[in-house]
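Asker: This is the content of model-v8.pdb (PDB, C-alpha atoms):
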ATOM      1  CA  MET A 130      45.091 -10.313 -86.978  1.00  0.00           C
ATOM      2  CA  ASP A 131      47.118 -10.684 -83.807  1.00  0.00           C
ATOM      3  CA  ALA A 132      44.887 -11.605 -80.838  1.00  0.00           C
ATOM      4  CA  ASP A 133      47.365  -9.920 -78.493  1.00  0.00           C
ATOM      5  CA  ASP A 134      47.357  -6.649 -80.453  1.00  0.00           C
ATOM      6  CA  THR A 135      46.394  -3.818 -78.105  1.00  0.00           C
ATOM      7  CA  THR A 136      48.173  -1.017 -79.975  1.00  0.00           C
ATOM      8  CA  ALA A 137      45.838   1.751 -81.117  1.00  0.00           C
ATOM      9  CA  PRO A 138      46.213   2.976 -84.700  1.00  0.00           C
ATOM     10  CA  ASN A 139      47.107   6.608 -85.341  1.00  0.00           C
ATOM     11  CA  LYS A 140      44.556   9.285 -86.194  1.00  0.00           C
ATOM     12  CA  PRO A 141      43.471   8.941 -89.839  1.00  0.00           C
ATOM     13  CA  THR A 142      44.477  11.483 -92.478  1.00  0.00           C
ATOM     14  CA  LEU A 143      41.611  12.945 -94.521  1.00  0.00           C
ATOM     15  CA  THR A 144      42.159  13.244 -98.282  1.00  0.00           C
ATOM     16  CA  GLY A 145      40.381  14.492-101.420  1.00  0.00           C
ATOM     17  CA  ASP A 146      37.461  16.892-100.871  1.00  0.00           C
ATOM     18  CA  SER A 147      37.775  16.310 -97.116  1.00  0.00           C
ATOM     19  CA  ASP A 148      41.487  17.162 -96.795  1.00  0.00           C
ATOM     20  CA  ASP A 149      40.594  20.602 -95.387  1.00  0.00           C
ATOM     21  CA  HIS A 150      38.429  18.868 -92.731  1.00  0.00           C
ATOM     22  CA  LYS A 151      35.248  20.291 -94.294  1.00  0.00           C
ATOM     23  CA  LEU A 152      32.575  19.024 -96.662  1.00  0.00           C
ATOM     24  CA  SER A 153      30.666  21.880 -98.286  1.00  0.00           C
ATOM     25  CA  ALA A 154      27.831  22.130-100.795  1.00  0.00           C
ATOM     26  CA  THR A 155      30.363  21.976-103.644  1.00  0.00           C
ATOM     27  CA  ASP A 156      32.158  18.882-102.331  1.00  0.00           C
ATOM     28  CA  GLY A 157      31.104  15.285-102.832  1.00  0.00           C
ATOM     29  CA  ASP A 158      29.064  13.256-100.340  1.00  0.00           C
ATOM     30  CA  ASP A 159      31.959  11.074 -99.222  1.00  0.00           C
ATOM     31  CA  ILE A 160      34.763  11.477 -96.705  1.00  0.00           C
ATOM     32  CA  THR A 161      37.955   9.922 -98.006  1.00  0.00           C
ATOM     33  CA  GLY A 162      40.989   9.162 -95.952  1.00  0.00           C
ATOM     34  CA  SER A 163      44.007   7.075 -95.194  1.00  0.00           C
ATOM     35  CA  ALA A 164      44.974   5.027 -92.144  1.00  0.00           C
ATOM     36  CA  PRO A 165      47.783   2.649 -93.167  1.00  0.00           C
ATOM     37  CA  ASP A 166      48.245   1.226 -89.667  1.00  0.00           C
ATOM     38  CA  ALA A 167      44.548   0.275 -89.597  1.00  0.00           C
ATOM     39  CA  ALA A 168      44.544  -1.500 -92.986  1.00  0.00           C
ATOM     40  CA  GLY A 169      41.933  -4.248 -92.994  1.00  0.00           C
ATOM     41  CA  GLY A 170      39.968  -2.496 -90.258  1.00  0.00           C
ATOM     42  CA  THR A 171      37.001  -0.128 -90.279  1.00  0.00           C
ATOM     43  CA  ALA A 172      36.472   3.646 -90.470  1.00  0.00           C
ATOM     44  CA  VAL A 173      33.556   5.037 -88.425  1.00  0.00           C
ATOM     45  CA  LEU A 174      31.851   8.455 -88.538  1.00  0.00           C
ATOM     46  CA  VAL A 175      31.397   9.626 -84.933  1.00  0.00           C
ATOM     47  CA  ASP A 176      29.650  12.561 -83.271  1.00  0.00           C
ATOM     48  CA  GLY A 177      31.161  15.038 -80.812  1.00  0.00           C
ATOM     49  CA  HIS A 178      30.819  12.493 -78.002  1.00  0.00           C
ATOM     50  CA  GLY A 179      32.628   9.780 -79.959  1.00  0.00           C
ATOM     51  CA  ASP A 180      29.435   7.811 -80.577  1.00  0.00           C
ATOM     52  CA  PRO A 181      28.836   6.326 -84.049  1.00  0.00           C
ATOM     53  CA  VAL A 182      26.605   8.405 -86.331  1.00  0.00           C
ATOM     54  CA  LYS A 183      23.755   6.330 -87.743  1.00  0.00           C
ATOM     55  CA  ASN A 184      22.307   6.363 -91.234  1.00  0.00           C
ATOM     56  CA  THR A 185      18.592   6.582 -92.023  1.00  0.00           C
ATOM     57  CA  SER A 186      18.302   2.810 -91.476  1.00  0.00           C
ATOM     58  CA  GLY A 187      19.676   3.157 -87.939  1.00  0.00           C
ATOM     59  CA  ASN A 188      23.027   1.515 -88.705  1.00  0.00           C
ATOM     60  CA  PRO A 189      26.397   3.091 -87.856  1.00  0.00           C
ATOM     61  CA  ILE A 190      28.071   4.787 -90.817  1.00  0.00           C
ATOM     62  CA  THR A 191      31.193   2.724 -91.438  1.00  0.00           C
ATOM     63  CA  ALA A 192      33.511   1.820 -94.287  1.00  0.00           C
ATOM     64  CA  PRO A 193      36.118  -0.896 -94.739  1.00  0.00           C
ATOM     65  CA  ILE A 194      39.756   0.173 -94.822  1.00  0.00           C
ATOM     66  CA  ASP A 195      41.507  -1.487 -97.750  1.00  0.00           C
ATOM     67  CA  ASP A 196      44.886  -3.223 -97.656  1.00  0.00           C
ATOM     68  CA  GLU A 197      46.636   0.065 -98.478  1.00  0.00           C
ATOM     69  CA  GLY A 198      44.848   1.902 -95.657  1.00  0.00           C
ATOM     70  CA  ASN A 199      42.353   3.862 -97.785  1.00  0.00           C
ATOM     71  CA  PHE A 200      38.671   4.315 -96.986  1.00  0.00           C
ATOM     72  CA  THR A 201      35.577   6.159 -98.247  1.00  0.00           C
ATOM     73  CA  LEU A 202      32.820   6.999 -95.761  1.00  0.00           C
ATOM     74  CA  PRO A 203      29.399   7.871 -97.239  1.00  0.00           C
ATOM     75  CA  THR A 204      27.753  10.944 -95.698  1.00  0.00           C
ATOM     76  CA  ALA A 205      24.646  11.428 -97.844  1.00  0.00           C
ATOM     77  CA  GLY A 206      21.786  12.357 -95.526  1.00  0.00           C
ATOM     78  CA  VAL A 207      24.047  13.244 -92.578  1.00  0.00           C
ATOM     79  CA  PRO A 208      22.934  16.596 -91.091  1.00  0.00           C
ATOM     80  CA  ASP A 209      25.293  19.568 -91.105  1.00  0.00           C
ATOM     81  CA  GLY A 210      27.522  19.627 -88.045  1.00  0.00           C
ATOM     82  CA  ASP A 211      30.889  18.747 -86.574  1.00  0.00           C
ATOM     83  CA  TYR A 212      31.954  15.116 -86.592  1.00  0.00           C
ATOM     84  CA  GLY A 213      35.028  12.940 -86.353  1.00  0.00           C
ATOM     85  CA  VAL A 214      36.442   9.991 -88.241  1.00  0.00           C
ATOM     86  CA  GLN A 215      37.658   7.161 -86.050  1.00  0.00           C
ATOM     87  CA  VAL A 216      39.439   4.096 -87.366  1.00  0.00           C
ATOM     88  CA  LYS A 217      39.614   0.657 -85.816  1.00  0.00           C
ATOM     89  CA  ASP A 218      42.289  -1.844 -86.759  1.00  0.00           C
ATOM     90  CA  GLU A 219      41.587  -5.522 -87.416  1.00  0.00           C
ATOM     91  CA  ALA A 220      41.955  -6.271 -83.691  1.00  0.00           C
ATOM     92  CA  GLY A 221      39.234  -3.693 -82.897  1.00  0.00           C
ATOM     93  CA  ASN A 222      41.562  -1.121 -81.325  1.00  0.00           C
ATOM     94  CA  PRO A 223      40.193   2.421 -81.890  1.00  0.00           C
ATOM     95  CA  SER A 224      42.462   5.206 -83.125  1.00  0.00           C
ATOM     96  CA  THR A 225      44.266   7.336 -80.561  1.00  0.00           C
ATOM     97  CA  ASP A 226      42.393  10.393 -81.835  1.00  0.00           C
ATOM     98  CA  ASN A 227      39.650  11.205 -84.337  1.00  0.00           C
ATOM     99  CA  ALA A 228      40.165  13.281 -87.483  1.00  0.00           C
ATOM    100  CA  PRO A 229      37.738  16.222 -87.232  1.00  0.00           C
ATOM    101  CA  ILE A 230      35.364  16.917 -90.115  1.00  0.00           C
ATOM    102  CA  SER A 231      32.756  19.658 -90.456  1.00  0.00           C
ATOM    103  CA  ILE A 232      29.803  19.101 -92.785  1.00  0.00           C
ATOM    104  CA  ASP A 233      28.098  22.269 -94.057  1.00  0.00           C
ATOM    105  CA  ARG A 234      26.116  21.778 -97.232  1.00  0.00           C
ATOM    106  CA  THR A 235      24.145  25.010 -96.867  1.00  0.00           C
ATOM    107  CA  VAL A 236      24.536  26.942-100.106  1.00  0.00           C
ATOM    108  CA  PRO A 237      25.553  30.571 -99.454  1.00  0.00           C
ATOM    109  CA  VAL A 238      22.982  33.103-100.614  1.00  0.00           C
TER     110      VAL A 238
END
Could you write out this structure as structure tokens?

Answerer:
Amino acid sequence: MDADDTTAPNKPTLTGDSDDHKLSATDGDDITGSAPDAAGGTAVLVDGHGDPVKNTSGNPITAPIDDEGNFTLPTAGVPDGDYGVQVKDEAGNPSTDNAPISIDRTVPV
């Protein structure tokens, strides 16, 4: 980590079931993505205001970003709605933009 690093990482790319920016009833419970310029940092699920979404224990929903820039954010128990995925690099710089994700697990009738 470079203490003088003030460069924000780019917006993450969503992959797998979340590559269409939606999680539906037939998709898994995880958001997967890639943020190579934030490798070693953290991915955070945020609400429409950019605030971290909290799990049932009251902790922000986060995931480590591996050395190749990949991450998996758990979303079990997160209510349906529109969210974003923000990444922070090792220096703590947040991404320039969030990757939008819509969660809708309501099964069509």

Asker: Kindly indicate which residue among A:Thr144, A:Thr235, A:Thr136, A:Asn227 lies nearest to Gly179 in chain A, using all atoms listed in the file for the distances.

Answerer: A:Asn227

Asker: So which one's closest to Ile190 in chain A, A:Pro203, A:Pro165, A:Gly177, A:Gly213? Using all atoms listed in the file, please.

Answerer: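 Looking at the shortest contact to Ile190 in chain A, the residue is A:Pro203.
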
Asker: Applied to this file, what does the PyMOL selection byres ((chain A and resi 191) around 7) return in terms of residues, put as a PyMOL selection string?

Answerer: chain A and resi 171-174+189-190+192-193+202

Asker: Write out as number ranges by chain which residues come within 10 Å of Asp149 in chain A when counting only C-alpha atoms, dropping same-chain ones fewer than 3 positions away.

Answerer: A: 143-146, 152, 229-231

Asker: Please save C-alpha atoms of the selected residues as a PDB file, keeping the file's coordinate frame.

Answerer:
ATOM      1  CA  LEU A 143      41.611  12.945 -94.521  1.00  0.00           C
ATOM      2  CA  THR A 144      42.159  13.244 -98.282  1.00  0.00           C
ATOM      3  CA  GLY A 145      40.381  14.492-101.420  1.00  0.00           C
ATOM      4  CA  ASP A 146      37.461  16.892-100.871  1.00  0.00           C
ATOM      5  CA  LEU A 152      32.575  19.024 -96.662  1.00  0.00           C
ATOM      6  CA  PRO A 229      37.738  16.222 -87.232  1.00  0.00           C
ATOM      7  CA  ILE A 230      35.364  16.917 -90.115  1.00  0.00           C
ATOM      8  CA  SER A 231      32.756  19.658 -90.456  1.00  0.00           C
TER       9      SER A 231
END

Asker: Do a neighbour search on range 204-206 of chain A at 8 Å with only C-alpha atoms, toss out local chain neighbours closer than 5 positions, and write the hits as a PDB file with C-alpha atoms, in the frame of the given file.

Answerer:
ATOM      1  CA  ASP A 158      29.064  13.256-100.340  1.00  0.00           C
ATOM      2  CA  ASP A 159      31.959  11.074 -99.222  1.00  0.00           C
ATOM      3  CA  ILE A 160      34.763  11.477 -96.705  1.00  0.00           C
ATOM      4  CA  ASN A 184      22.307   6.363 -91.234  1.00  0.00           C
ATOM      5  CA  THR A 185      18.592   6.582 -92.023  1.00  0.00           C
ATOM      6  CA  ILE A 190      28.071   4.787 -90.817  1.00  0.00           C
TER       7      ILE A 190
END

Asker: For Pro138 in chain A, which of A:Gly221, A:Pro208, A:Gly157, A:Pro181 is the closest residue, counting only C-alpha atoms?

Answerer: A:Gly221

Asker: Find the smallest box with edges along x, y and z containing every listed atom of range 135-143 of chain A, then add 4 Å on each side and report centre and edge lengths in Å to one decimal, as JSON.

Answerer:
{"center_x": 44.9, "center_y": 4.6, "center_z": -86.3, "size_x": 14.6, "size_y": 24.8, "size_z": 24.4}

Asker: Please export range 204-227 of chain A as a PDB file, in the first residue's frame, restricted to N, CA and C atoms.

Answerer:
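To be explicit, this is the file written out as selection_19.pdb:
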ATOM      1  N   THR A 204     -25.454 -11.714  -0.247  1.00  0.00           N
ATOM      2  CA  THR A 204     -26.652 -10.868  -0.161  1.00  0.00           C
ATOM      3  C   THR A 204     -27.838 -11.586   0.472  1.00  0.00           C
ATOM      4  N   ALA A 205     -27.612 -12.762   1.052  1.00  0.00           N
ATOM      5  CA  ALA A 205     -28.712 -13.471   1.703  1.00  0.00           C
ATOM      6  C   ALA A 205     -29.321 -12.565   2.769  1.00  0.00           C
ATOM      7  N   GLY A 206     -30.634 -12.440   2.753  1.00  0.00           N
ATOM      8  CA  GLY A 206     -31.323 -11.619   3.745  1.00  0.00           C
ATOM      9  C   GLY A 206     -31.446 -10.153   3.375  1.00  0.00           C
ATOM     10  N   VAL A 207     -30.816  -9.722   2.281  1.00  0.00           N
ATOM     11  CA  VAL A 207     -30.926  -8.326   1.850  1.00  0.00           C
ATOM     12  C   VAL A 207     -32.282  -8.156   1.167  1.00  0.00           C
ATOM     13  N   PRO A 208     -33.073  -7.158   1.570  1.00  0.00           N
ATOM     14  CA  PRO A 208     -34.390  -6.957   0.950  1.00  0.00           C
ATOM     15  C   PRO A 208     -34.275  -6.615  -0.538  1.00  0.00           C
ATOM     16  N   ASP A 209     -35.337  -6.919  -1.282  1.00  0.00           N
ATOM     17  CA  ASP A 209     -35.385  -6.522  -2.686  1.00  0.00           C
ATOM     18  C   ASP A 209     -35.201  -5.016  -2.787  1.00  0.00           C
ATOM     19  N   GLY A 210     -34.549  -4.575  -3.844  1.00  0.00           N
ATOM     20  CA  GLY A 210     -34.350  -3.144  -4.049  1.00  0.00           C
ATOM     21  C   GLY A 210     -33.170  -2.878  -4.954  1.00  0.00           C
ATOM     22  N   ASP A 211     -32.882  -1.609  -5.140  1.00  0.00           N
ATOM     23  CA  ASP A 211     -31.768  -1.175  -5.980  1.00  0.00           C
ATOM     24  C   ASP A 211     -30.587  -0.787  -5.106  1.00  0.00           C
ATOM     25  N   TYR A 212     -29.428  -1.308  -5.445  1.00  0.00           N
ATOM     26  CA  TYR A 212     -28.220  -1.109  -4.667  1.00  0.00           C
ATOM     27  C   TYR A 212     -27.054  -0.775  -5.592  1.00  0.00           C
ATOM     28  N   GLY A 213     -25.896  -0.637  -5.009  1.00  0.00           N
ATOM     29  CA  GLY A 213     -24.675  -0.434  -5.771  1.00  0.00           C
ATOM     30  C   GLY A 213     -23.549  -1.213  -5.130  1.00  0.00           C
ATOM     31  N   VAL A 214     -22.536  -1.508  -5.922  1.00  0.00           N
ATOM     32  CA  VAL A 214     -21.327  -2.143  -5.406  1.00  0.00           C
ATOM     33  C   VAL A 214     -20.200  -1.131  -5.547  1.00  0.00           C
ATOM     34  N   GLN A 215     -19.632  -0.778  -4.412  1.00  0.00           N
ATOM     35  CA  GLN A 215     -18.501   0.146  -4.373  1.00  0.00           C
ATOM     36  C   GLN A 215     -17.268  -0.668  -4.009  1.00  0.00           C
ATOM     37  N   VAL A 216     -16.133  -0.303  -4.562  1.00  0.00           N
ATOM     38  CA  VAL A 216     -14.887  -0.941  -4.149  1.00  0.00           C
ATOM     39  C   VAL A 216     -13.965   0.116  -3.560  1.00  0.00           C
ATOM     40  N   LYS A 217     -13.162  -0.332  -2.619  1.00  0.00           N
ATOM     41  CA  LYS A 217     -12.137   0.534  -2.022  1.00  0.00           C
ATOM     42  C   LYS A 217     -10.805  -0.174  -2.184  1.00  0.00           C
ATOM     43  N   ASP A 218      -9.798   0.574  -2.635  1.00  0.00           N
ATOM     44  CA  ASP A 218      -8.477  -0.029  -2.785  1.00  0.00           C
ATOM     45  C   ASP A 218      -7.802  -0.136  -1.421  1.00  0.00           C
ATOM     46  N   GLU A 219      -6.605  -0.680  -1.404  1.00  0.00           N
ATOM     47  CA  GLU A 219      -5.885  -0.877  -0.137  1.00  0.00           C
ATOM     48  C   GLU A 219      -5.653   0.422   0.617  1.00  0.00           C
ATOM     49  N   ALA A 220      -5.564   1.539  -0.099  1.00  0.00           N
ATOM     50  CA  ALA A 220      -5.349   2.839   0.548  1.00  0.00           C
ATOM     51  C   ALA A 220      -6.653   3.433   1.084  1.00  0.00           C
ATOM     52  N   GLY A 221      -7.798   2.760   0.800  1.00  0.00           N
ATOM     53  CA  GLY A 221      -9.087   3.250   1.283  1.00  0.00           C
ATOM     54  C   GLY A 221      -9.799   4.184   0.325  1.00  0.00           C
ATOM     55  N   ASN A 222      -9.248   4.376  -0.877  1.00  0.00           N
ATOM     56  CA  ASN A 222      -9.901   5.235  -1.865  1.00  0.00           C
ATOM     57  C   ASN A 222     -11.128   4.530  -2.437  1.00  0.00           C
ATOM     58  N   PRO A 223     -12.316   5.163  -2.397  1.00  0.00           N
ATOM     59  CA  PRO A 223     -13.512   4.543  -2.967  1.00  0.00           C
ATOM     60  C   PRO A 223     -13.519   4.661  -4.492  1.00  0.00           C
ATOM     61  N   SER A 224     -14.218   3.737  -5.134  1.00  0.00           N
ATOM     62  CA  SER A 224     -14.318   3.754  -6.596  1.00  0.00           C
ATOM     63  C   SER A 224     -14.979   5.036  -7.085  1.00  0.00           C
ATOM     64  N   THR A 225     -14.641   5.400  -8.324  1.00  0.00           N
ATOM     65  CA  THR A 225     -15.160   6.624  -8.923  1.00  0.00           C
ATOM     66  C   THR A 225     -16.669   6.551  -9.117  1.00  0.00           C
ATOM     67  N   ASP A 226     -17.198   5.350  -9.246  1.00  0.00           N
ATOM     68  CA  ASP A 226     -18.626   5.142  -9.441  1.00  0.00           C
ATOM     69  C   ASP A 226     -18.968   3.764  -8.900  1.00  0.00           C
ATOM     70  N   ASN A 227     -20.250   3.544  -8.593  1.00  0.00           N
ATOM     71  CA  ASN A 227     -20.706   2.253  -8.110  1.00  0.00           C
ATOM     72  C   ASN A 227     -21.308   1.461  -9.262  1.00  0.00           C
TER      73      ASN A 227
END
